[in-house]
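Here's run-v5.cif, which has mmCIF, C-alpha atoms (C1' of nucleotides):
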```cif
data_coords
#
loop_
_atom_site.label_atom_id
_atom_site.label_comp_id
_atom_site.auth_asym_id
_atom_site.auth_seq_id
_atom_site.Cartn_x
_atom_site.Cartn_y
_atom_site.Cartn_z
CA MET A 1 0.00 0.00 0.00
CA ASP A 2 1.92 3.00 -1.11
CA MET A 3 0.36 5.98 0.59
CA GLU A 4 2.77 8.33 -1.08
CA HIS A 5 -0.02 10.77 -1.91
CA PRO A 6 -3.20 10.06 0.04
CA ASP A 7 -5.03 13.19 -1.07
CA CYS A 8 -4.34 16.71 -1.99
CA ASP A 9 -6.29 19.92 -1.58
CA CYS A 10 -5.67 21.07 -5.10
CA CYS A 11 -6.47 17.86 -6.98
CA ARG A 12 -9.77 18.14 -8.84
CA ILE A 13 -10.14 14.70 -10.34
CA ASP A 14 -7.57 12.02 -10.72
CA ILE A 15 -6.26 12.61 -14.19
CA ARG A 16 -4.82 9.40 -15.54
CA PRO A 17 -2.69 9.48 -18.64
CA GLU A 18 -4.37 8.03 -21.69
CA LEU A 19 -0.95 7.48 -23.15
CA THR A 20 0.38 4.20 -21.80
CA GLU A 21 4.02 3.45 -21.18
CA ALA A 22 3.90 0.96 -24.04
CA GLN A 23 2.57 3.64 -26.38
CA ALA A 24 4.89 6.38 -25.19
CA ARG A 25 8.09 4.39 -25.48
CA PRO A 26 8.27 4.01 -29.28
CA LEU A 27 7.13 7.61 -29.72
CA ALA A 28 9.91 8.77 -27.43
CA GLU A 29 12.37 6.69 -29.40
CA ARG A 30 11.42 8.51 -32.59
CA PHE A 31 11.66 11.90 -30.96
CA ALA A 32 15.04 10.87 -29.57
CA ALA A 33 16.21 10.36 -33.13
CA LEU A 34 15.46 14.05 -33.71
CA ALA A 35 17.26 15.08 -30.53
CA ASP A 36 20.66 15.71 -32.07
CA PRO A 37 21.82 18.70 -34.10
CA ASN A 38 23.73 16.63 -36.63
CA ARG A 39 20.80 14.31 -37.22
CA LEU A 40 18.51 17.32 -37.79
CA ARG A 41 21.02 18.62 -40.30
CA LEU A 42 21.18 15.25 -42.01
CA LEU A 43 17.40 15.20 -42.35
CA GLU A 44 17.39 18.71 -43.74
CA ILE A 45 19.90 17.68 -46.38
CA LEU A 46 17.87 14.61 -47.24
CA GLU A 47 14.80 16.79 -47.63
CA ARG A 48 16.56 19.24 -49.92
CA GLY A 49 18.13 16.37 -51.84
CA GLY A 50 14.74 15.20 -52.96
CA GLY A 51 14.40 11.49 -53.30
CA GLN A 52 17.90 10.14 -53.02
CA VAL A 53 21.04 11.40 -51.36
CA CYS A 54 24.30 9.51 -51.33
CA VAL A 55 26.12 9.00 -48.05
CA CYS A 56 29.29 10.55 -49.39
CA GLU A 57 27.40 13.80 -49.88
CA LEU A 58 26.38 13.72 -46.26
CA VAL A 59 29.95 13.07 -45.17
CA GLU A 60 31.07 16.10 -47.12
CA ALA A 61 28.30 18.30 -45.80
CA LEU A 62 28.90 17.92 -42.07
CA PRO A 63 32.08 18.41 -40.04
CA ILE A 64 31.98 15.01 -38.39
CA SER A 65 33.69 11.77 -39.28
CA GLN A 66 32.29 9.20 -41.66
CA PRO A 67 31.73 6.57 -38.93
CA THR A 68 29.75 9.13 -36.94
CA ILE A 69 27.60 9.91 -39.99
CA SER A 70 27.05 6.20 -40.39
CA HIS A 71 26.08 5.93 -36.74
CA HIS A 72 23.55 8.76 -37.02
CA LEU A 73 22.04 7.23 -40.15
CA ARG A 74 21.68 3.98 -38.26
CA VAL A 75 19.84 5.77 -35.45
CA LEU A 76 17.51 7.45 -37.94
CA ARG A 77 16.93 4.14 -39.67
CA SER A 78 16.21 2.31 -36.41
CA ALA A 79 13.65 4.98 -35.60
CA GLY A 80 12.03 4.47 -38.97
CA LEU A 81 12.61 8.07 -39.99
CA VAL A 82 14.73 7.27 -43.02
CA ASP A 83 15.31 4.34 -45.32
CA TYR A 84 18.02 3.58 -47.81
CA GLU A 85 18.69 1.75 -50.98
CA LYS A 86 22.02 0.25 -51.89
CA ARG A 87 23.13 0.68 -55.50
CA GLY A 88 26.53 -0.70 -56.23
CA VAL A 89 28.99 0.71 -53.78
CA TRP A 90 26.74 3.58 -52.86
CA ALA A 91 23.90 3.93 -50.43
CA TYR A 92 21.13 6.39 -51.15
CA TYR A 93 19.08 7.57 -48.20
CA HIS A 94 15.67 9.17 -48.16
CA ILE A 95 13.18 10.42 -45.61
CA ARG A 96 10.24 8.22 -44.61
CA GLY A 97 7.42 10.72 -44.65
CA GLU A 98 4.97 8.44 -42.85
CA ALA A 99 7.06 8.38 -39.68
CA LEU A 100 7.52 12.14 -39.64
CA ALA A 101 3.80 12.60 -40.25
CA GLU A 102 3.05 10.44 -37.24
CA LEU A 103 5.23 12.59 -35.02
CA GLN A 104 3.61 15.70 -36.44
CA ALA A 105 0.20 14.24 -35.67
CA HIS A 106 1.16 13.65 -32.06
CA LEU A 107 2.29 17.25 -31.70
CA ARG A 108 -0.98 18.36 -33.23
CA GLY A 109 -2.79 16.36 -30.55
CA LEU A 110 -0.88 18.14 -27.84
CA LEU A 111 -1.80 21.46 -29.43
CA SER A 112 -5.54 20.89 -29.60
CA ALA A 113 -5.85 22.06 -26.00
CA PRO A 114 -7.28 25.47 -25.21
CA VAL A 115 -4.62 28.13 -25.15
CA LYS A 116 -3.33 28.77 -21.66
CA GLY A 117 -6.32 30.46 -19.91
CA MET B 1 44.63 19.92 -45.80
CA ASP B 2 42.12 17.29 -44.98
CA MET B 3 41.65 15.21 -48.08
CA GLU B 4 39.14 13.00 -46.41
CA HIS B 5 36.89 13.07 -49.46
CA PRO B 6 38.60 14.44 -52.57
CA ASP B 7 35.74 13.61 -54.91
CA CYS B 8 33.19 10.98 -55.42
CA ASP B 9 31.57 9.50 -58.52
CA CYS B 10 28.09 9.64 -57.10
CA CYS B 11 28.10 13.20 -55.78
CA ARG B 12 26.00 15.44 -58.00
CA ILE B 13 26.46 18.83 -56.44
CA ASP B 14 27.83 19.66 -53.09
CA ILE B 15 24.74 19.88 -50.96
CA ARG B 16 25.40 22.08 -47.98
CA PRO B 17 22.99 22.09 -45.09
CA GLU B 18 20.92 25.25 -44.82
CA LEU B 19 20.42 24.42 -41.18
CA THR B 20 23.39 25.72 -39.25
CA GLU B 21 24.75 24.15 -36.12
CA ALA B 22 23.59 27.20 -34.19
CA GLN B 23 20.06 26.76 -35.52
CA ALA B 24 19.96 23.01 -35.09
CA ARG B 25 21.15 22.96 -31.48
CA PRO B 26 18.14 24.61 -29.81
CA LEU B 27 15.78 22.65 -32.05
CA ALA B 28 17.48 19.42 -30.99
CA GLU B 29 17.16 20.48 -27.37
CA ARG B 30 13.43 20.82 -27.74
CA PHE B 31 13.09 17.50 -29.47
CA ALA B 32 15.23 15.98 -26.71
CA ALA B 33 12.64 17.16 -24.20
CA LEU B 34 10.15 14.97 -26.07
CA ALA B 35 12.51 12.01 -26.11
CA ASP B 36 11.33 10.41 -22.88
CA PRO B 37 8.19 8.31 -22.32
CA ASN B 38 7.39 9.90 -18.98
CA ARG B 39 7.71 13.41 -20.36
CA LEU B 40 5.39 12.53 -23.25
CA ARG B 41 2.90 11.24 -20.69
CA LEU B 42 3.24 14.41 -18.64
CA LEU B 43 2.51 16.52 -21.71
CA GLU B 44 -0.49 14.39 -22.57
CA ILE B 45 -1.87 14.93 -19.08
CA LEU B 46 -1.25 18.66 -19.31
CA GLU B 47 -3.09 18.73 -22.60
CA ARG B 48 -6.10 16.88 -21.22
CA GLY B 49 -6.02 18.99 -18.08
CA GLY B 50 -6.76 22.08 -20.11
CA GLY B 51 -5.17 25.21 -18.82
CA GLN B 52 -3.75 24.35 -15.45
CA VAL B 53 -2.63 21.10 -13.87
CA CYS B 54 -1.21 20.87 -10.37
CA VAL B 55 2.05 19.00 -9.85
CA CYS B 56 0.51 16.72 -7.25
CA GLU B 57 -1.84 15.42 -9.93
CA LEU B 58 1.12 14.57 -12.10
CA VAL B 59 2.81 12.80 -9.21
CA GLU B 60 -0.28 10.68 -8.72
CA ALA B 61 -0.65 9.92 -12.39
CA LEU B 62 2.76 8.41 -13.10
CA PRO B 63 4.61 5.60 -11.33
CA ILE B 64 7.77 7.57 -10.70
CA SER B 65 8.93 9.53 -7.68
CA GLN B 66 8.09 13.17 -7.02
CA PRO B 67 11.68 14.37 -7.48
CA THR B 68 11.78 12.64 -10.84
CA ILE B 69 8.54 14.34 -11.88
CA SER B 70 10.07 17.62 -10.79
CA HIS B 71 13.16 16.88 -12.82
CA HIS B 72 11.14 16.13 -15.94
CA LEU B 73 9.12 19.30 -15.52
CA ARG B 74 12.35 21.21 -15.28
CA VAL B 75 13.56 19.70 -18.54
CA LEU B 76 10.29 20.60 -20.25
CA ARG B 77 10.50 24.10 -18.84
CA SER B 78 14.11 24.57 -19.94
CA ALA B 79 13.08 23.53 -23.42
CA GLY B 80 10.29 26.10 -23.37
CA LEU B 81 7.62 23.46 -23.91
CA VAL B 82 5.76 24.18 -20.70
CA ASP B 83 5.41 27.02 -18.23
CA TYR B 84 4.05 27.19 -14.74
CA GLU B 85 2.42 29.51 -12.30
CA LYS B 86 2.88 29.29 -8.58
CA ARG B 87 -0.24 29.83 -6.49
CA GLY B 88 0.32 29.45 -2.78
CA VAL B 89 1.98 26.13 -2.14
CA TRP B 90 0.91 24.74 -5.47
CA ALA B 91 2.42 24.94 -8.92
CA TYR B 92 0.18 24.77 -11.97
CA TYR B 93 1.78 23.76 -15.22
CA HIS B 94 0.54 24.29 -18.75
CA ILE B 95 1.73 23.60 -22.28
CA ARG B 96 3.35 26.40 -24.27
CA GLY B 97 1.64 25.98 -27.61
CA GLU B 98 4.05 28.26 -29.46
CA ALA B 99 7.01 25.98 -28.82
CA LEU B 100 5.15 22.87 -29.91
CA ALA B 101 3.91 24.68 -32.99
CA GLU B 102 7.48 25.54 -33.89
CA LEU B 103 8.51 21.90 -33.71
CA GLN B 104 5.50 20.93 -35.76
CA ALA B 105 6.47 23.52 -38.35
CA HIS B 106 9.95 22.07 -38.63
CA LEU B 107 8.54 18.59 -39.19
CA ARG B 108 6.26 20.05 -41.85
CA GLY B 109 9.32 21.48 -43.55
CA LEU B 110 10.94 18.07 -43.64
CA LEU B 111 7.79 16.65 -45.14
CA SER B 112 7.47 19.10 -47.99
CA ALA B 113 9.86 17.00 -50.01
CA PRO B 114 8.63 14.87 -52.88
CA VAL B 115 7.61 11.43 -51.67
CA LYS B 116 10.39 8.89 -52.13
CA GLY B 117 10.70 8.46 -55.90
"C1'" DC C 1 6.30 29.59 16.65
"C1'" DA C 2 5.72 24.64 15.40
"C1'" DA C 3 4.14 21.06 12.49
"C1'" DG C 4 2.55 19.57 8.10
"C1'" DT C 5 2.22 20.04 2.99
"C1'" DT C 6 3.89 21.08 -1.78
"C1'" DC C 7 7.46 21.28 -4.69
"C1'" DA C 8 12.45 21.94 -5.90
"C1'" DT C 9 17.30 20.78 -5.26
"C1'" DT C 10 21.31 17.93 -4.16
"C1'" DG C 11 24.14 13.93 -4.38
"C1'" DA C 12 24.93 9.41 -5.94
"C1'" DC C 13 24.68 5.80 -9.29
"C1'" DA C 14 23.87 3.16 -13.36
"C1'" DT C 15 23.00 3.57 -18.02
"C1'" DC C 16 22.99 5.63 -22.41
"C1'" DC C 17 25.07 8.49 -26.16
"C1'" DA C 18 28.14 11.15 -29.48
"C1'" DT C 19 32.46 10.85 -31.22
"C1'" DC C 20 36.71 9.10 -33.31
"C1'" DA C 21 40.49 5.80 -34.74
"C1'" DA C 22 40.98 1.41 -36.40
"C1'" DT C 23 39.22 -2.30 -38.82
"C1'" DG C 24 36.05 -4.99 -41.71
"C1'" DT C 25 33.11 -5.87 -45.90
"C1'" DA C 26 31.66 -5.35 -50.41
"C1'" DT C 27 32.13 -3.40 -54.94
"C1'" DC C 28 34.46 -1.51 -58.92
"C1'" DG C 29 38.35 -0.76 -62.09
"C1'" DA C 30 42.85 -1.95 -64.04
"C1'" DT D 1 44.04 -10.63 -58.68
"C1'" DC D 2 45.25 -6.23 -56.62
"C1'" DG D 3 44.39 -1.75 -55.17
"C1'" DA D 4 41.11 1.79 -54.36
"C1'" DT D 5 36.60 3.41 -52.96
"C1'" DA D 6 32.07 3.54 -50.16
"C1'" DC D 7 30.07 2.41 -46.26
"C1'" DA D 8 29.38 -0.25 -41.88
"C1'" DT D 9 31.05 -2.11 -37.50
"C1'" DT D 10 33.92 -2.39 -33.32
"C1'" DG D 11 36.12 -0.67 -29.25
"C1'" DA D 12 37.22 2.99 -26.30
"C1'" DT D 13 36.20 7.31 -23.93
"C1'" DG D 14 34.25 11.48 -22.06
"C1'" DG D 15 29.94 13.48 -21.14
"C1'" DA D 16 24.94 13.56 -20.67
"C1'" DT D 17 20.66 11.48 -18.58
"C1'" DG D 18 16.92 9.04 -15.74
"C1'" DT D 19 16.12 7.62 -11.27
"C1'" DC D 20 15.72 7.72 -6.22
"C1'" DA D 21 16.64 8.86 -1.18
"C1'" DA D 22 17.57 12.64 1.50
"C1'" DT D 23 17.25 17.33 2.27
"C1'" DG D 24 15.83 22.12 1.65
"C1'" DA D 25 12.71 26.14 0.85
"C1'" DA D 26 8.27 28.28 0.94
"C1'" DC D 27 3.64 28.44 2.36
"C1'" DT D 28 -0.45 27.24 5.40
"C1'" DT D 29 -2.61 26.11 9.50
"C1'" DG D 30 -3.07 25.39 14.38
#
```
Rewrite the coordinates I just gave you, this time as structure tokens.
Amino acid sequence: MDMEHPDCDCCRIDIRPELTEAQARPLAERFAALADPNRLRLLEILERGGGQVCVCELVEALPISQPTISHHLRVLRSAGLVDYEKRGVWAYYHIRGEALAELQAHLRGLLSAPVKG
Amino acid sequence: MDMEHPDCDCCRIDIRPELTEAQARPLAERFAALADPNRLRLLEILERGGGQVCVCELVEALPISQPTISHHLRVLRSAGLVDYEKRGVWAYYHIRGEALAELQAHLRGLLSAPVKG
DNA sequence: CAAGTTCATTGACATCCATCAATGTATCGA
DNA sequence: TCGATACATTGATGGATGTCAATGAACTTG
């Protein structure tokens, strides 16, 4: 019996989160993929590159080492935010719009609340 | 003279990121504030709570300790995603819609690209 | 003033993360 | 087959992060 918070003068109703831990975890993982300046810059390049951008272009564009670029691309890929296609020696990456749209939708949900008050 | 990447058969033009490090860093900080399941749940509660939600309600809603809730609220506040108002002993938190809208706008920018190819 | 309540801060600890040098793997050209 | 190129993986390291117990600060009430 944890009586950590028996009752509280200010509490109106007990607001339980509708978002479960199981739902929040993968969402947080995707946001975590956006939580790095270099990964944001990589995404911006991929967006401006249109459909397909080669890794070597990314390596040239940012002042970090090639293994670090590769690491960041792996993080973005694990989060489902980008995908790639191997052609010969080269790997062409592109943004996965569906995943970004899902994140955008979640932010929209958080914004539907009445403004301050 | 770093000759890390002299030239490359696949590189069309040199794509430079329009997003500077200085621009990307604060954006990444805000996304980082969203990169935790408990913080996402806190925001969802704040959204459903309308304008003002007391901290004690948040402490009751999530299975983590009060100091940890306080820590997460601090992170959200530092990122500008929430603000609070102290009334007596209580602190009422609310979402800062402008900050969330800015993040949403950035995602929209990444989505304006042509779909795959 | 004293005791209780709400919330923040501190300190400690384990884990995760960004980064690079070194190495590995696969492909292409000579 | 040999060397070069493109990209990924490994290992190591310094720094950031989530969590809690303990404590502190501010307010309210008796």
Next on the checklist: Contacts from chain B to chain C, 9 Å maximum, all atoms listed in the file: show me the residue list as a ChimeraX atom specification.
Outcome noted: /B:55-56,66-67,70-71,89-91
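Any residue of chain D with an atom within 10 Å of chain B counts; using all atoms listed in the file, that gives D:DT5, D:DA6, D:DG18, D:DT19, D:DC20, D:DA21, D:DA26, D:DC27, D:DT28.
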With C-alpha atoms (C1' of nucleotides) kept, could you save the residues just selected as a CSV table (one decimal), in the frame of the given file?
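Saved file part_35.csv follows:
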```
chain,number,residue,atom,x,y,z
D,5,DT,C1',36.6,3.4,-53.0
D,6,DA,C1',32.1,3.5,-50.2
D,18,DG,C1',16.9,9.0,-15.7
D,19,DT,C1',16.1,7.6,-11.3
D,20,DC,C1',15.7,7.7,-6.2
D,21,DA,C1',16.6,8.9,-1.2
D,26,DA,C1',8.3,28.3,0.9
D,27,DC,C1',3.6,28.4,2.4
D,28,DT,C1',-0.4,27.2,5.4
```
Checklist entry - Evaluating the PyMOL selection byres ((chain A and resi 111) around 12) on the displayed file yields which residues, as a VMD selection string? => result (chain A and resid 104 to 110 112 to 116) or (chain B and resid 43 to 44 46 to 48 50 to 51 81 to 82 94 to 104)
Least-squares superposed chain A, target chain B, every Cα, as a short mmCIF file (atom, residue, chain, number, x, y, z; two decimals) with C-alpha atoms, in the coordinates of the input:
```
data_model
loop_
_atom_site.label_atom_id
_atom_site.label_comp_id
_atom_site.auth_asym_id
_atom_site.auth_seq_id
_atom_site.Cartn_x
_atom_site.Cartn_y
_atom_site.Cartn_z
CA MET A 1 44.07 20.47 -45.92
CA ASP A 2 41.80 17.63 -45.06
CA MET A 3 41.50 15.51 -48.16
CA GLU A 4 39.16 13.13 -46.43
CA HIS A 5 36.84 13.06 -49.44
CA PRO A 6 38.47 14.48 -52.56
CA ASP A 7 35.67 13.49 -54.93
CA CYS A 8 33.15 10.82 -55.38
CA ASP A 9 31.58 9.23 -58.43
CA CYS A 10 28.08 9.42 -57.08
CA CYS A 11 28.07 13.01 -55.82
CA ARG A 12 25.95 15.24 -58.04
CA ILE A 13 26.43 18.64 -56.47
CA ASP A 14 27.82 19.49 -53.11
CA ILE A 15 24.74 19.72 -50.97
CA ARG A 16 25.45 21.94 -48.01
CA PRO A 17 23.06 22.00 -45.11
CA GLU A 18 21.03 25.17 -44.86
CA LEU A 19 20.50 24.38 -41.22
CA THR A 20 23.52 25.65 -39.31
CA GLU A 21 24.88 24.09 -36.16
CA ALA A 22 23.74 27.17 -34.25
CA GLN A 23 20.21 26.74 -35.57
CA ALA A 24 20.07 22.99 -35.11
CA ARG A 25 21.26 22.95 -31.52
CA PRO A 26 18.27 24.64 -29.84
CA LEU A 27 15.88 22.67 -32.05
CA ALA A 28 17.55 19.45 -30.98
CA GLU A 29 17.27 20.53 -27.37
CA ARG A 30 13.51 20.89 -27.72
CA PHE A 31 13.15 17.55 -29.44
CA ALA A 32 15.28 16.03 -26.68
CA ALA A 33 12.68 17.21 -24.20
CA LEU A 34 10.18 15.03 -26.06
CA ALA A 35 12.55 12.06 -26.09
CA ASP A 36 11.33 10.43 -22.90
CA PRO A 37 8.20 8.35 -22.35
CA ASN A 38 7.38 9.93 -19.01
CA ARG A 39 7.73 13.44 -20.37
CA LEU A 40 5.40 12.57 -23.27
CA ARG A 41 2.91 11.26 -20.74
CA LEU A 42 3.24 14.41 -18.67
CA LEU A 43 2.52 16.54 -21.72
CA GLU A 44 -0.49 14.43 -22.60
CA ILE A 45 -1.87 14.95 -19.11
CA LEU A 46 -1.25 18.67 -19.32
CA GLU A 47 -3.09 18.76 -22.62
CA ARG A 48 -6.09 16.89 -21.26
CA GLY A 49 -6.02 19.01 -18.11
CA GLY A 50 -6.77 22.09 -20.12
CA GLY A 51 -5.17 25.22 -18.83
CA GLN A 52 -3.80 24.32 -15.45
CA VAL A 53 -2.67 21.08 -13.89
CA CYS A 54 -1.25 20.81 -10.40
CA VAL A 55 2.01 18.97 -9.86
CA CYS A 56 0.45 16.67 -7.29
CA GLU A 57 -1.88 15.38 -9.98
CA LEU A 58 1.09 14.54 -12.13
CA VAL A 59 2.79 12.76 -9.25
CA GLU A 60 -0.30 10.64 -8.78
CA ALA A 61 -0.67 9.89 -12.46
CA LEU A 62 2.75 8.40 -13.16
CA PRO A 63 4.60 5.58 -11.40
CA ILE A 64 7.75 7.57 -10.76
CA SER A 65 8.90 9.49 -7.72
CA GLN A 66 8.06 13.10 -7.04
CA PRO A 67 11.66 14.32 -7.48
CA THR A 68 11.77 12.62 -10.88
CA ILE A 69 8.52 14.34 -11.89
CA SER A 70 10.05 17.60 -10.76
CA HIS A 71 13.15 16.87 -12.81
CA HIS A 72 11.13 16.15 -15.95
CA LEU A 73 9.10 19.32 -15.49
CA ARG A 74 12.34 21.23 -15.22
CA VAL A 75 13.56 19.73 -18.49
CA LEU A 76 10.29 20.64 -20.21
CA ARG A 77 10.49 24.13 -18.78
CA SER A 78 14.11 24.61 -19.86
CA ALA A 79 13.08 23.60 -23.37
CA GLY A 80 10.30 26.15 -23.31
CA LEU A 81 7.64 23.52 -23.85
CA VAL A 82 5.76 24.21 -20.65
CA ASP A 83 5.41 27.04 -18.18
CA TYR A 84 4.04 27.19 -14.68
CA GLU A 85 2.40 29.48 -12.25
CA LYS A 86 2.82 29.24 -8.52
CA ARG A 87 -0.32 29.76 -6.43
CA GLY A 88 0.20 29.33 -2.75
CA VAL A 89 1.84 26.02 -2.11
CA TRP A 90 0.84 24.65 -5.47
CA ALA A 91 2.36 24.90 -8.89
CA TYR A 92 0.13 24.75 -11.93
CA TYR A 93 1.76 23.76 -15.20
CA HIS A 94 0.54 24.30 -18.72
CA ILE A 95 1.74 23.64 -22.24
CA ARG A 96 3.37 26.45 -24.24
CA GLY A 97 1.68 26.03 -27.58
CA GLU A 98 4.09 28.32 -29.42
CA ALA A 99 7.06 26.04 -28.78
CA LEU A 100 5.19 22.93 -29.87
CA ALA A 101 3.98 24.75 -32.98
CA GLU A 102 7.55 25.60 -33.87
CA LEU A 103 8.57 21.96 -33.67
CA GLN A 104 5.55 21.00 -35.73
CA ALA A 105 6.55 23.57 -38.33
CA HIS A 106 10.02 22.11 -38.60
CA LEU A 107 8.59 18.64 -39.18
CA ARG A 108 6.32 20.10 -41.82
CA GLY A 109 9.40 21.50 -43.55
CA LEU A 110 10.99 18.10 -43.61
CA LEU A 111 7.81 16.68 -45.11
CA SER A 112 7.50 19.12 -47.99
CA ALA A 113 9.90 16.98 -50.01
CA PRO A 114 8.61 14.82 -52.84
CA VAL A 115 7.60 11.40 -51.65
CA LYS A 116 10.37 8.87 -52.08
CA GLY A 117 10.60 8.45 -55.90
#
```
Item to check | CA of Leu73 in chain A to CA of Leu19 in chain A, straight-line distance in Å | outcome: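 Separating CA of Leu19 in chain A from CA of Leu73 in chain A is a distance of 28.6 Å.
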Item to check | Distance criterion (all atoms listed in the file): nearest to chain A out of B:Val53, B:Leu76, B:Ala24, B:Ile69 | outcome: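 Of B:Val53, B:Leu76, B:Ala24, B:Ile69, the one nearest chain A is B:Ala24, counting all atoms listed in the file.
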Item to check | Length of the CA of Leu40 in chain A to CA of Cys54 in chain A vector [Å] | outcome: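 So the answer is 16.7 Å.
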Next on the checklist: I'd like to know which of B:Gly49, B:Ala79, B:Leu62, B:Glu21 is closest to Pro37 in chain B, using all atoms listed in the file.
Outcome noted: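 Closest to Pro37 in chain B of all the choices is B:Leu62.
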Item to check | One-decimal distance in Å that lies between CA of Glu60 in chain A and C1' of DA16 in chain D | outcome: 27.3 Å
Checklist entry - Can you list what the PyMOL selection byres ((chain A and resi 61) around 9) grabs from this structure, as a list of chain:residue names? => result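 Listing what the PyMOL selection byres ((chain A and resi 61) around 9) selects in the shown file: A:Leu42, A:Ile45, A:Cys56, A:Glu57, A:Leu58, A:Val59, A:Glu60, A:Leu62, A:Pro63, A:Ile64, B:Asp14, B:Ile15, B:Arg16, B:Pro17.
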Checklist entry - When distances are computed from only C-alpha atoms, which of A:Val75, A:Lys86, A:Ala33, A:Gly80 shows the smallest separation from chain B? => result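 The shortest atom-to-atom distance to chain B comes from A:Ala33.
Residues surrounding Tyr93 in chain B within 6 Å are Gln52, Val53, Asp83 and Tyr84 of chain B [all atoms listed in the file; sequence separation below 4 positions excluded].
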Around all the atoms of range 21-26 of chain C listed in the file, with 8 Å of room on each side, what axis-aligned box do you get, giving centre and edge lengths in Å to one decimal, as lines of an AutoDock Vina configuration file?
```
center_x = 36.3
center_y = 0.0
center_z = -42.6
size_x = 25.3
size_y = 27.7
size_z = 31.7
```
